[in-house]
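Content type mmCIF, C-alpha atoms, from the file work33.cif:
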data_query
#
loop_
_atom_site.group_PDB
_atom_site.id
_atom_site.type_symbol
_atom_site.label_atom_id
_atom_site.label_comp_id
_atom_site.auth_asym_id
_atom_site.auth_seq_id
_atom_site.Cartn_x
_atom_site.Cartn_y
_atom_site.Cartn_z
ATOM 1 C CA MET T 132 -17.736 -5.233 13.317
ATOM 2 C CA PRO T 133 -15.295 -5.347 10.321
ATOM 3 C CA LEU T 134 -12.940 -7.495 12.392
ATOM 4 C CA LEU T 135 -15.783 -9.907 13.158
ATOM 5 C CA LEU T 136 -16.739 -10.159 9.489
ATOM 6 C CA LEU T 137 -13.063 -10.681 8.593
ATOM 7 C CA LEU T 138 -12.829 -13.550 11.088
ATOM 8 C CA VAL T 139 -16.034 -15.078 9.709
ATOM 9 C CA PHE T 140 -14.688 -14.867 6.180
ATOM 10 C CA ALA T 141 -11.369 -16.442 7.211
ATOM 11 C CA GLY T 142 -13.190 -19.261 9.000
ATOM 12 C CA VAL T 143 -15.451 -19.982 6.036
ATOM 13 C CA PHE T 144 -12.501 -19.961 3.656
ATOM 14 C CA THR T 145 -10.532 -22.346 5.887
ATOM 15 C CA VAL T 146 -13.460 -24.749 6.228
ATOM 16 C CA PHE T 147 -14.066 -24.669 2.487
ATOM 17 C CA ALA T 148 -10.373 -25.415 1.745
ATOM 18 C CA LEU T 149 -10.317 -28.252 4.275
ATOM 19 C CA LEU T 150 -13.485 -29.638 2.705
ATOM 20 C CA LEU T 151 -11.890 -29.759 -0.725
ATOM 21 C CA ILE T 152 -8.747 -31.436 0.630
ATOM 22 C CA ALA T 153 -10.706 -33.938 2.704
ATOM 23 C CA ARG T 154 -13.056 -34.655 -0.165
ATOM 24 C CA GLY T 155 -10.223 -35.597 -2.498
ATOM 25 C CA ALA T 156 -8.327 -37.581 0.111
ATOM 26 C CA GLY T 157 -11.423 -39.270 1.490
ATOM 27 C CA ALA T 158 -12.711 -40.241 -1.942
ATOM 28 C CA SER T 159 -9.318 -41.651 -2.931
ATOM 29 C CA GLN T 160 -9.004 -43.609 0.309
ATOM 30 C CA ARG T 161 -12.533 -45.015 0.013
ATOM 31 C CA THR T 162 -11.856 -46.021 -3.586
ATOM 32 C CA LYS T 163 -8.692 -47.874 -2.600
ATOM 33 C CA GLU T 164 -10.437 -49.650 0.276
ATOM 34 C CA THR T 165 -13.370 -50.667 -1.913
ATOM 35 C CA LEU T 166 -11.109 -52.007 -4.651
ATOM 36 C CA ALA T 167 -9.039 -53.925 -2.100
ATOM 37 C CA ARG T 168 -12.167 -55.502 -0.595
ATOM 38 C CA LEU T 169 -13.564 -56.446 -3.981
ATOM 39 C CA GLU T 170 -10.252 -57.971 -5.051
ATOM 40 C CA SER T 171 -10.035 -60.015 -1.858
ATOM 41 C CA ALA T 172 -13.646 -61.132 -2.238
ATOM 42 C CA LEU T 173 -13.126 -62.185 -5.859
ATOM 43 C CA ALA T 174 -9.827 -63.886 -5.077
ATOM 44 C CA SER T 175 -11.416 -66.008 -2.371
ATOM 45 C CA GLY T 176 -13.793 -67.505 -4.960
ATOM 46 C CA ALA T 177 -16.075 -70.077 -3.439
ATOM 47 C CA LYS T 178 -14.105 -70.425 -0.206
ATOM 48 C CA LYS T 179 -16.138 -70.158 2.952
ATOM 49 C CA THR T 180 -14.930 -68.336 6.009
ATOM 50 C CA ASP T 181 -16.362 -67.826 9.451
ATOM 51 C CA SER T 182 -14.098 -64.903 10.284
ATOM 52 C CA PRO T 183 -16.121 -61.683 10.651
ATOM 53 C CA ASP T 184 -13.119 -59.633 9.478
ATOM 54 C CA GLU T 185 -13.341 -61.077 5.959
ATOM 55 C CA ILE T 186 -17.027 -60.380 5.445
ATOM 56 C CA VAL T 187 -17.574 -57.730 2.776
ATOM 57 C CA ASP T 188 -20.382 -55.295 3.596
ATOM 58 C CA LEU T 189 -22.181 -54.534 0.342
ATOM 59 C CA ARG T 190 -25.009 -52.556 1.915
ATOM 60 C CA LYS T 191 -25.691 -49.091 0.581
ATOM 61 C CA GLN T 192 -24.130 -46.424 2.784
ATOM 62 C CA GLU T 193 -25.522 -42.895 2.958
ATOM 63 C CA LEU T 194 -22.767 -40.292 2.571
ATOM 64 C CA PHE T 195 -23.808 -36.669 2.917
ATOM 65 C CA SER T 196 -20.279 -35.242 3.240
ATOM 66 C CA ALA T 197 -16.669 -36.328 2.914
ATOM 67 C CA LEU T 198 -15.969 -34.949 6.397
ATOM 68 C CA PRO T 199 -16.926 -37.609 8.995
ATOM 69 C CA TRP T 200 -18.133 -35.162 11.672
ATOM 70 C CA LEU T 201 -20.188 -33.204 9.142
ATOM 71 C CA ASN T 202 -21.623 -36.441 7.733
ATOM 72 C CA GLN T 203 -22.713 -37.574 11.214
ATOM 73 C CA TRP T 204 -24.311 -34.182 11.876
ATOM 74 C CA LEU T 205 -26.183 -34.222 8.571
ATOM 75 C CA LEU T 206 -27.431 -37.757 9.222
ATOM 76 C CA ARG T 207 -29.351 -36.413 12.217
ATOM 77 C CA LEU T 208 -31.042 -33.641 10.222
ATOM 78 C CA GLU T 209 -34.328 -34.268 8.454
ATOM 79 C CA VAL T 210 -33.463 -31.794 5.681
ATOM 80 C CA ALA T 211 -30.346 -33.710 4.620
ATOM 81 C CA PRO T 212 -32.209 -36.624 2.910
ATOM 82 C CA ARG T 213 -34.394 -34.115 1.077
ATOM 83 C CA LEU T 214 -31.355 -32.257 -0.211
ATOM 84 C CA ARG T 215 -29.817 -35.593 -1.196
ATOM 85 C CA THR T 216 -32.971 -36.397 -3.170
ATOM 86 C CA LEU T 217 -32.825 -33.001 -4.891
ATOM 87 C CA LEU T 218 -29.204 -33.588 -5.874
ATOM 88 C CA TYR T 219 -30.072 -37.026 -7.277
ATOM 89 C CA GLN T 220 -33.039 -35.641 -9.213
ATOM 90 C CA ALA T 221 -30.796 -32.894 -10.624
ATOM 91 C CA ASN T 222 -28.186 -35.543 -11.609
ATOM 92 C CA LEU T 223 -25.438 -33.740 -9.697
ATOM 93 C CA LYS T 224 -22.595 -35.609 -8.016
ATOM 94 C CA TRP T 225 -22.379 -33.165 -5.132
ATOM 95 C CA THR T 226 -22.734 -34.049 -1.475
ATOM 96 C CA VAL T 227 -25.169 -32.351 0.880
ATOM 97 C CA GLY T 228 -22.264 -30.997 2.915
ATOM 98 C CA GLY T 229 -20.651 -29.544 -0.194
ATOM 99 C CA LEU T 230 -23.910 -27.848 -1.178
ATOM 100 C CA LEU T 231 -24.339 -26.310 2.278
ATOM 101 C CA LEU T 232 -20.731 -25.087 2.386
ATOM 102 C CA MET T 233 -21.057 -23.561 -1.080
ATOM 103 C CA SER T 234 -24.188 -21.742 0.087
ATOM 104 C CA LEU T 235 -22.334 -20.544 3.190
ATOM 105 C CA GLY T 236 -19.444 -19.269 1.056
ATOM 106 C CA CYS T 237 -21.817 -17.507 -1.355
ATOM 107 C CA PHE T 238 -23.420 -15.828 1.669
ATOM 108 C CA ALA T 239 -20.320 -14.814 3.645
ATOM 109 C CA ILE T 240 -18.059 -13.454 0.903
ATOM 110 C CA PRO T 241 -20.552 -11.069 -0.823
ATOM 111 C CA ALA T 242 -21.962 -9.950 2.544
ATOM 112 C CA TYR T 243 -18.480 -9.093 3.785
ATOM 113 C CA LEU T 244 -17.585 -7.192 0.590
ATOM 114 C CA VAL T 245 -20.863 -5.255 0.560
ATOM 115 C CA TYR T 246 -20.413 -4.347 4.220
ATOM 116 C CA LEU T 247 -16.897 -3.059 3.577
ATOM 117 C CA ARG T 248 -18.195 -0.923 0.723
ATOM 118 C CA THR T 249 -21.432 0.416 2.217
ATOM 119 C CA GLY T 250 -21.181 -0.105 6.003
ATOM 120 C CA ALA T 251 -24.846 -1.218 6.111
ATOM 121 C CA ALA T 252 -24.967 -4.526 7.983
ATOM 122 C CA ILE T 253 -28.630 -5.302 7.248
ATOM 123 C CA LEU T 254 -28.239 -4.600 3.530
ATOM 124 C CA ALA T 255 -25.101 -6.771 3.417
ATOM 125 C CA ALA T 256 -26.922 -9.596 5.202
ATOM 126 C CA LEU T 257 -29.900 -9.420 2.816
ATOM 127 C CA LEU T 258 -27.709 -9.452 -0.280
ATOM 128 C CA GLY T 259 -25.669 -12.274 1.233
ATOM 129 C CA LEU T 260 -28.807 -14.322 1.853
ATOM 130 C CA LEU T 261 -29.935 -13.669 -1.706
ATOM 131 C CA LEU T 262 -26.631 -14.860 -3.174
ATOM 132 C CA GLY T 263 -26.354 -17.681 -0.624
ATOM 133 C CA THR T 264 -29.396 -19.351 -2.137
ATOM 134 C CA ALA T 265 -27.797 -19.349 -5.609
ATOM 135 C CA PRO T 266 -26.419 -22.948 -5.359
ATOM 136 C CA ILE T 267 -29.822 -24.261 -4.250
ATOM 137 C CA PHE T 268 -31.580 -22.428 -7.076
ATOM 138 C CA TYR T 269 -29.036 -23.905 -9.484
ATOM 139 C CA VAL T 270 -29.879 -27.400 -8.216
ATOM 140 C CA LEU T 271 -33.595 -26.690 -8.616
ATOM 141 C CA ALA T 272 -33.041 -25.390 -12.156
ATOM 142 C CA ARG T 273 -31.081 -28.531 -13.116
ATOM 143 C CA ARG T 274 -33.823 -30.659 -11.550
ATOM 144 C CA ARG T 275 -36.521 -28.823 -13.497
ATOM 145 C CA GLN T 276 -34.543 -29.204 -16.730
ATOM 146 C CA ARG T 277 -34.065 -32.944 -16.186
ATOM 147 C CA PHE T 278 -37.747 -33.427 -15.403
ATOM 148 C CA ALA T 279 -38.658 -31.528 -18.569
ATOM 149 C CA HIS T 280 -36.456 -33.864 -20.664
ATOM 150 C CA PHE T 281 -38.023 -36.876 -18.959
ATOM 151 C CA GLU T 282 -41.519 -35.571 -19.617
ATOM 152 C CA GLN T 283 -40.789 -34.897 -23.290
ATOM 153 C CA GLY T 284 -39.490 -38.410 -23.890
ATOM 154 C CA LEU T 285 -42.148 -40.221 -21.855
ATOM 155 C CA PRO T 286 -44.724 -40.587 -24.695
ATOM 156 C CA GLU T 287 -42.126 -42.284 -26.928
ATOM 157 C CA ALA T 288 -41.176 -44.601 -24.068
ATOM 158 C CA ILE T 289 -44.840 -45.514 -23.566
ATOM 159 C CA ASP T 290 -45.229 -46.180 -27.295
ATOM 160 C CA LEU T 291 -42.228 -48.508 -27.086
ATOM 161 C CA MET T 292 -43.873 -50.374 -24.213
ATOM 162 C CA VAL T 293 -47.124 -50.632 -26.167
ATOM 163 C CA SER T 294 -45.298 -52.071 -29.185
ATOM 164 C CA ALA T 295 -43.496 -54.605 -26.979
ATOM 165 C CA LEU T 296 -46.751 -55.678 -25.295
ATOM 166 C CA ARG T 297 -48.524 -56.101 -28.620
ATOM 167 C CA ALA T 298 -45.588 -58.159 -29.876
ATOM 168 C CA GLY T 299 -46.110 -60.611 -27.019
ATOM 169 C CA HIS T 300 -43.576 -59.426 -24.437
ATOM 170 C CA SER T 301 -44.424 -59.276 -20.753
ATOM 171 C CA LEU T 302 -44.717 -56.024 -18.831
ATOM 172 C CA VAL T 303 -41.350 -56.505 -17.133
ATOM 173 C CA SER T 304 -39.694 -57.254 -20.488
ATOM 174 C CA SER T 305 -41.226 -54.117 -21.978
ATOM 175 C CA ILE T 306 -39.829 -52.061 -19.080
ATOM 176 C CA GLY T 307 -36.410 -53.601 -19.726
ATOM 177 C CA LEU T 308 -36.724 -52.711 -23.421
ATOM 178 C CA VAL T 309 -37.460 -49.095 -22.491
ATOM 179 C CA ALA T 310 -34.425 -49.120 -20.195
ATOM 180 C CA LYS T 311 -32.194 -50.271 -23.064
ATOM 181 C CA GLU T 312 -33.563 -48.218 -25.947
ATOM 182 C CA SER T 313 -34.633 -44.923 -24.362
ATOM 183 C CA PRO T 314 -32.231 -41.988 -24.016
ATOM 184 C CA VAL T 315 -31.179 -40.226 -20.836
ATOM 185 C CA PRO T 316 -32.860 -39.608 -18.401
ATOM 186 C CA ILE T 317 -35.671 -42.088 -19.146
ATOM 187 C CA GLY T 318 -33.425 -45.069 -19.838
ATOM 188 C CA PRO T 319 -31.414 -44.965 -16.568
ATOM 189 C CA GLU T 320 -34.508 -44.454 -14.410
ATOM 190 C CA PHE T 321 -36.414 -47.325 -16.006
ATOM 191 C CA LYS T 322 -33.268 -49.438 -15.721
ATOM 192 C CA VAL T 323 -33.240 -48.870 -11.967
ATOM 193 C CA CYS T 324 -36.898 -49.897 -11.830
ATOM 194 C CA PHE T 325 -36.182 -52.991 -13.958
ATOM 195 C CA ASP T 326 -33.199 -53.985 -11.808
ATOM 196 C CA GLU T 327 -35.143 -53.527 -8.581
ATOM 197 C CA GLN T 328 -37.868 -55.825 -9.865
ATOM 198 C CA ASN T 329 -35.301 -58.397 -10.968
ATOM 199 C CA TYR T 330 -33.576 -58.305 -7.588
ATOM 200 C CA GLY T 331 -36.753 -59.314 -5.773
ATOM 201 C CA LEU T 332 -38.818 -56.189 -5.198
ATOM 202 C CA ASP T 333 -42.506 -56.281 -5.976
ATOM 203 C CA LEU T 334 -43.474 -54.453 -9.167
ATOM 204 C CA ARG T 335 -45.731 -52.115 -7.176
ATOM 205 C CA THR T 336 -42.813 -51.155 -4.926
ATOM 206 C CA ALA T 337 -40.432 -50.701 -7.874
ATOM 207 C CA LEU T 338 -42.904 -48.428 -9.668
ATOM 208 C CA GLY T 339 -43.509 -46.522 -6.438
ATOM 209 C CA ASN T 340 -39.774 -45.935 -6.113
ATOM 210 C CA LEU T 341 -39.703 -44.700 -9.707
ATOM 211 C CA VAL T 342 -42.449 -42.188 -8.955
ATOM 212 C CA ARG T 343 -40.642 -41.015 -5.808
ATOM 213 C CA ARG T 344 -37.470 -40.420 -7.820
ATOM 214 C CA ILE T 345 -39.353 -38.679 -10.660
ATOM 215 C CA PRO T 346 -42.491 -37.095 -9.125
ATOM 216 C CA LEU T 347 -44.216 -36.128 -12.377
ATOM 217 C CA GLN T 348 -47.965 -36.180 -12.882
ATOM 218 C CA ASP T 349 -47.711 -37.946 -16.243
ATOM 219 C CA LEU T 350 -45.575 -40.717 -14.769
ATOM 220 C CA LYS T 351 -48.065 -41.132 -11.925
ATOM 221 C CA ILE T 352 -50.839 -41.597 -14.493
ATOM 222 C CA VAL T 353 -48.852 -44.317 -16.264
ATOM 223 C CA THR T 354 -47.903 -46.208 -13.101
ATOM 224 C CA THR T 355 -51.460 -45.992 -11.756
ATOM 225 C CA ALA T 356 -52.819 -47.423 -15.023
ATOM 226 C CA ILE T 357 -50.320 -50.300 -14.873
ATOM 227 C CA LEU T 358 -51.158 -51.153 -11.257
ATOM 228 C CA ILE T 359 -54.917 -50.971 -11.842
ATOM 229 C CA GLN T 360 -54.622 -53.243 -14.886
ATOM 230 C CA ARG T 361 -52.590 -55.794 -12.919
ATOM 231 C CA SER T 362 -55.199 -55.941 -10.169
ATOM 232 C CA SER T 363 -58.383 -55.796 -12.251
ATOM 233 C CA GLY T 364 -57.268 -57.085 -15.674
ATOM 234 C CA GLY T 365 -57.785 -55.632 -19.121
ATOM 235 C CA ASN T 366 -55.845 -54.672 -22.211
ATOM 236 C CA LEU T 367 -52.767 -52.917 -20.881
ATOM 237 C CA ALA T 368 -51.485 -51.979 -24.353
ATOM 238 C CA GLU T 369 -54.691 -50.088 -25.108
ATOM 239 C CA VAL T 370 -54.626 -48.344 -21.724
ATOM 240 C CA LEU T 371 -51.026 -47.201 -22.195
ATOM 241 C CA ASP T 372 -51.786 -46.068 -25.744
ATOM 242 C CA LYS T 373 -54.564 -43.824 -24.428
ATOM 243 C CA ALA T 374 -52.250 -42.542 -21.677
ATOM 244 C CA SER T 375 -49.654 -41.619 -24.291
ATOM 245 C CA SER T 376 -52.264 -39.701 -26.292
ATOM 246 C CA LEU T 377 -53.392 -37.898 -23.133
ATOM 247 C CA ILE T 378 -49.827 -36.836 -22.307
ATOM 248 C CA ARG T 379 -49.323 -35.493 -25.830
ATOM 249 C CA GLU T 380 -52.535 -33.455 -25.581
ATOM 250 C CA ARG T 381 -51.353 -32.000 -22.261
ATOM 251 C CA PHE T 382 -48.075 -31.009 -23.925
ATOM 252 C CA LYS T 383 -49.957 -29.264 -26.726
ATOM 253 C CA LEU T 384 -52.155 -27.358 -24.277
ATOM 254 C CA ARG T 385 -49.149 -26.415 -22.128
ATOM 255 C CA ARG T 386 -47.301 -24.991 -25.134
ATOM 256 C CA GLN T 387 -50.332 -22.905 -26.036
ATOM 257 C CA VAL T 388 -50.535 -21.537 -22.493
ATOM 258 C CA ARG T 389 -46.818 -20.668 -22.493
ATOM 259 C CA THR T 390 -47.238 -18.895 -25.835
ATOM 260 C CA HIS T 391 -50.102 -16.766 -24.523
ATOM 261 C CA THR T 392 -48.275 -15.906 -21.273
ATOM 262 C CA ALA T 393 -44.866 -15.192 -22.845
ATOM 263 C CA GLN T 394 -45.407 -11.431 -22.780
ATOM 264 C CA GLY T 395 -46.368 -11.488 -19.108
ATOM 265 C CA ARG T 396 -43.330 -13.568 -18.159
ATOM 266 C CA LEU T 397 -40.994 -11.258 -20.082
ATOM 267 C CA THR T 398 -42.580 -8.248 -18.362
ATOM 268 C CA GLY T 399 -41.979 -9.866 -14.987
ATOM 269 C CA TRP T 400 -38.281 -10.455 -15.702
ATOM 270 C CA ILE T 401 -37.789 -6.905 -16.991
ATOM 271 C CA LEU T 402 -39.549 -5.260 -14.048
ATOM 272 C CA SER T 403 -37.626 -7.424 -11.576
ATOM 273 C CA PHE T 404 -34.124 -6.742 -12.898
ATOM 274 C CA LEU T 405 -34.579 -3.192 -14.225
ATOM 275 C CA PRO T 406 -34.082 -1.450 -10.814
ATOM 276 C CA VAL T 407 -30.912 -3.445 -10.094
ATOM 277 C CA VAL T 408 -29.377 -2.892 -13.534
ATOM 278 C CA LEU T 409 -30.350 0.778 -13.559
ATOM 279 C CA GLY T 410 -28.895 1.291 -10.077
ATOM 280 C CA LEU T 411 -25.590 -0.311 -11.063
ATOM 281 C CA ALA T 412 -25.426 1.793 -14.223
ATOM 282 C CA LEU T 413 -26.065 5.034 -12.294
ATOM 283 C CA TYR T 414 -23.421 4.054 -9.735
ATOM 284 C CA LEU T 415 -20.856 3.543 -12.503
ATOM 285 C CA VAL T 416 -21.738 6.925 -14.018
ATOM 286 C CA ASN T 417 -21.870 8.914 -10.755
ATOM 287 C CA PRO T 418 -20.815 6.974 -7.636
ATOM 288 C CA GLY T 419 -21.133 9.976 -5.313
ATOM 289 C CA THR T 420 -24.823 10.492 -6.005
ATOM 290 C CA MET T 421 -25.809 6.834 -5.759
ATOM 291 C CA SER T 422 -23.788 6.308 -2.571
ATOM 292 C CA LEU T 423 -26.204 8.633 -0.757
ATOM 293 C CA LEU T 424 -28.685 5.735 -0.714
ATOM 294 C CA TRP T 425 -26.571 3.719 1.730
ATOM 295 C CA HIS T 426 -24.776 6.560 3.504
ATOM 296 C CA ARG T 427 -27.980 8.098 4.875
ATOM 297 C CA ASP T 428 -30.717 6.524 6.973
ATOM 298 C CA LEU T 429 -33.459 7.661 4.607
ATOM 299 C CA GLY T 430 -31.654 6.135 1.619
ATOM 300 C CA ILE T 431 -31.277 2.798 3.400
ATOM 301 C CA LYS T 432 -34.987 2.771 4.214
ATOM 302 C CA LEU T 433 -35.763 3.534 0.558
ATOM 303 C CA LEU T 434 -33.532 0.623 -0.532
ATOM 304 C CA TYR T 435 -35.372 -1.764 1.799
ATOM 305 C CA ALA T 436 -38.764 -0.553 0.587
ATOM 306 C CA ALA T 437 -37.714 -0.840 -3.059
ATOM 307 C CA GLY T 438 -36.418 -4.380 -2.528
ATOM 308 C CA VAL T 439 -39.615 -5.512 -0.784
ATOM 309 C CA MET T 440 -41.890 -3.980 -3.429
ATOM 310 C CA THR T 441 -39.826 -5.393 -6.301
ATOM 311 C CA LEU T 442 -39.934 -8.872 -4.781
ATOM 312 C CA ALA T 443 -43.670 -8.622 -4.124
ATOM 313 C CA GLY T 444 -44.336 -7.494 -7.695
ATOM 314 C CA ALA T 445 -42.248 -10.341 -9.129
ATOM 315 C CA LEU T 446 -44.143 -12.898 -7.037
ATOM 316 C CA VAL T 447 -47.522 -11.472 -8.085
ATOM 317 C CA ILE T 448 -46.601 -11.556 -11.791
ATOM 318 C CA ARG T 449 -45.264 -15.101 -11.411
ATOM 319 C CA LYS T 450 -48.520 -16.179 -9.777
ATOM 320 C CA ILE T 451 -50.526 -14.669 -12.635
ATOM 321 C CA VAL T 452 -48.582 -16.170 -15.548
ATOM 322 C CA ASN T 453 -48.018 -19.673 -14.051
ATOM 323 C CA MET T 454 -51.016 -21.810 -14.944
ATOM 324 C CA GLU T 455 -51.261 -25.462 -14.017
ATOM 325 C CA VAL T 456 -52.213 -27.695 -16.946
#
Please, can you express the file's structure as structure tokens?
Amino acid sequence: MPLLLLLVFAGVFTVFALLLIARGAGASQRTKETLARLESALASGAKKTDSPDEIVDLRKQELFSALPWLNQWLLRLEVAPRLRTLLYQANLKWTVGGLLLMSLGCFAIPAYLVYLRTGAAILAALLGLLLGTAPIFYVLARRRQRFAHFEQGLPEAIDLMVSALRAGHSLVSSIGLVAKESPVPIGPEFKVCFDEQNYGLDLRTALGNLVRRIPLQDLKIVTTAILIQRSSGGNLAEVLDKASSLIRERFKLRRQVRTHTAQGRLTGWILSFLPVVLGLALYLVNPGTMSLLWHRDLGIKLLYAAGVMTLAGALVIRKIVNMEV
């Protein structure tokens, strides 16, 4: 069993090193090819050519990994586009293949080290799975942080649109003004929506794409109000002004809820991490006594039971303190 885990670790390390080498080489090669094609296309000017070899393909290509075989495999998986969307929403320049390989490395290395120390294969696998999800949780945390920044700046962006509409600008011009004047991440997202509309997409489709990229309830309210006003008529500036006031009231209520549930959330974090921290501290003080937990069958069963109960308690507390506003 240790030999098998050693071989798994060596294989994961080799794949991870090859990924890094191929990523750098592949990115450099693609950059050189793209620059060469653009230079040849610009140098040709207005010349026409019927040769298919000189046609520059400017279509958007989906790249999930720098390794060609891994990219082709990920293209056939339904989960790969979802992970790509999560990475875009988190504003991370990673590839899906890189994320999966990082998760595999975070699983294999700690599991192997824990197995060498304790000899408990199931415990090593559980801890490896827990640490293997760390990159995905990091992506979700970055996504949540970016959405929070977008939500905080959305009322000011709506006020800017209202001012532009009342000054006589069109709706598309007001969206372009928000794209220019608003900070990150609102400005870049509205710029994509503005560019899509300018390049020929219908405004309904461009706003739908914006909502798919940023699936926030407040943004859905704004886009729905805009689409309803375009189909039925009315004063769009007044509608957006009321939407901005509604979003601010939801922020105020959400802050009050978080204030009242702060003690419960802190209790949940303390109760979740206290057994782990206390166990590590006791192991540092007296390793012989704590090692009985994974050197005996009864101790291993107690560790499994403690882990399940701790996780269940953390989920129950999280369910209690999380209130949808």
Requested in this report: List, as an MDAnalysis selection string, every residue that the PyMOL selection byres ((chain T and resi 248-252) around 12) selects in the file provided.
Outcome: chainID T and resid 132:133 135:136 241:247 253:259 418 421:428 430:432 434:435
Report task. Please provide the set of residues having any atom within 12 Å of Gln348 in chain T, restricted to all atoms listed in the file, with same-chain residues fewer than 3 positions apart removed, written as a PyMOL selection string. Result -> chain T and resi 278-279+281-282+285+342-343+345+351-355+374+377-378+381+455-456
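Note that the spacing between CA of Thr264 in chain T and CA of Ser234 in chain T amounts to 6.1 Å.
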Report task. Tell me, as a PyMOL selection string, which residues lie within 9 Å of Leu230 in chain T, counting only C-alpha atoms; anything in the same chain fewer than 5 positions away does not count. Result -> chain T and resi 214+225+235+266-267
C-alpha atoms of the current selection, written as a PDB file, in the coordinates of the input:
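As a result, out12.pdb now contains:
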ATOM      1  CA  LEU T 214     -31.355 -32.257  -0.211  1.00  0.00           C
ATOM      2  CA  TRP T 225     -22.379 -33.165  -5.132  1.00  0.00           C
ATOM      3  CA  LEU T 235     -22.334 -20.544   3.190  1.00  0.00           C
ATOM      4  CA  PRO T 266     -26.419 -22.948  -5.359  1.00  0.00           C
ATOM      5  CA  ILE T 267     -29.822 -24.261  -4.250  1.00  0.00           C
TER       6      ILE T 267
END
Report summary line: What separates CA of Ala211 in chain T and CA of Gln276 in chain T is a distance of 22.2 Å
Query - Hits from the PyMOL selection byres ((chain T and resi 297-314) around 10), listed as number ranges by chain - result: T: 280-281, 284-285, 287-296, 315-326, 328-329, 334, 357, 361, 366-369
For the selection you just gave me, I'd like the residues written to a file as a compact mmCIF listing (two decimals), in the coordinates of the input, keeping C-alpha atoms.
# COMPACT_ATOMS: atom_id res chain seq x y z
CA HIS T 280 -36.46 -33.86 -20.66
CA PHE T 281 -38.02 -36.88 -18.96
CA GLY T 284 -39.49 -38.41 -23.89
CA LEU T 285 -42.15 -40.22 -21.86
CA GLU T 287 -42.13 -42.28 -26.93
CA ALA T 288 -41.18 -44.60 -24.07
CA ILE T 289 -44.84 -45.51 -23.57
CA ASP T 290 -45.23 -46.18 -27.30
CA LEU T 291 -42.23 -48.51 -27.09
CA MET T 292 -43.87 -50.37 -24.21
CA VAL T 293 -47.12 -50.63 -26.17
CA SER T 294 -45.30 -52.07 -29.18
CA ALA T 295 -43.50 -54.60 -26.98
CA LEU T 296 -46.75 -55.68 -25.30
CA VAL T 315 -31.18 -40.23 -20.84
CA PRO T 316 -32.86 -39.61 -18.40
CA ILE T 317 -35.67 -42.09 -19.15
CA GLY T 318 -33.42 -45.07 -19.84
CA PRO T 319 -31.41 -44.96 -16.57
CA GLU T 320 -34.51 -44.45 -14.41
CA PHE T 321 -36.41 -47.32 -16.01
CA LYS T 322 -33.27 -49.44 -15.72
CA VAL T 323 -33.24 -48.87 -11.97
CA CYS T 324 -36.90 -49.90 -11.83
CA PHE T 325 -36.18 -52.99 -13.96
CA ASP T 326 -33.20 -53.98 -11.81
CA GLN T 328 -37.87 -55.82 -9.86
CA ASN T 329 -35.30 -58.40 -10.97
CA LEU T 334 -43.47 -54.45 -9.17
CA ILE T 357 -50.32 -50.30 -14.87
CA ARG T 361 -52.59 -55.79 -12.92
CA ASN T 366 -55.84 -54.67 -22.21
CA LEU T 367 -52.77 -52.92 -20.88
CA ALA T 368 -51.48 -51.98 -24.35
CA GLU T 369 -54.69 -50.09 -25.11
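You can rank T:Ile401, T:Phe238, T:Val227, T:Pro286 by their closest distance to Ser376 in chain T using all atoms listed in the file, and at the top of that list sits T:Pro286.
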Once the PyMOL selection byres ((chain T and resi 449) around 12) is applied to the coordinates I shared, what remains selected? I want it as a compact mmCIF listing (two decimals) with C-alpha atoms, keeping the file's coordinate frame.
# COMPACT_ATOMS: atom_id res chain seq x y z
CA THR T 392 -48.28 -15.91 -21.27
CA ALA T 393 -44.87 -15.19 -22.84
CA GLN T 394 -45.41 -11.43 -22.78
CA GLY T 395 -46.37 -11.49 -19.11
CA ARG T 396 -43.33 -13.57 -18.16
CA LEU T 397 -40.99 -11.26 -20.08
CA THR T 398 -42.58 -8.25 -18.36
CA GLY T 399 -41.98 -9.87 -14.99
CA TRP T 400 -38.28 -10.46 -15.70
CA LEU T 402 -39.55 -5.26 -14.05
CA SER T 403 -37.63 -7.42 -11.58
CA LEU T 442 -39.93 -8.87 -4.78
CA ALA T 443 -43.67 -8.62 -4.12
CA GLY T 444 -44.34 -7.49 -7.70
CA ALA T 445 -42.25 -10.34 -9.13
CA LEU T 446 -44.14 -12.90 -7.04
CA VAL T 447 -47.52 -11.47 -8.09
CA ILE T 448 -46.60 -11.56 -11.79
CA LYS T 450 -48.52 -16.18 -9.78
CA ILE T 451 -50.53 -14.67 -12.64
CA VAL T 452 -48.58 -16.17 -15.55
CA ASN T 453 -48.02 -19.67 -14.05
CA MET T 454 -51.02 -21.81 -14.94
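If you look at CA of Leu371 in chain T and CA of Ala356 in chain T, they are 7.4 Å away from each other.
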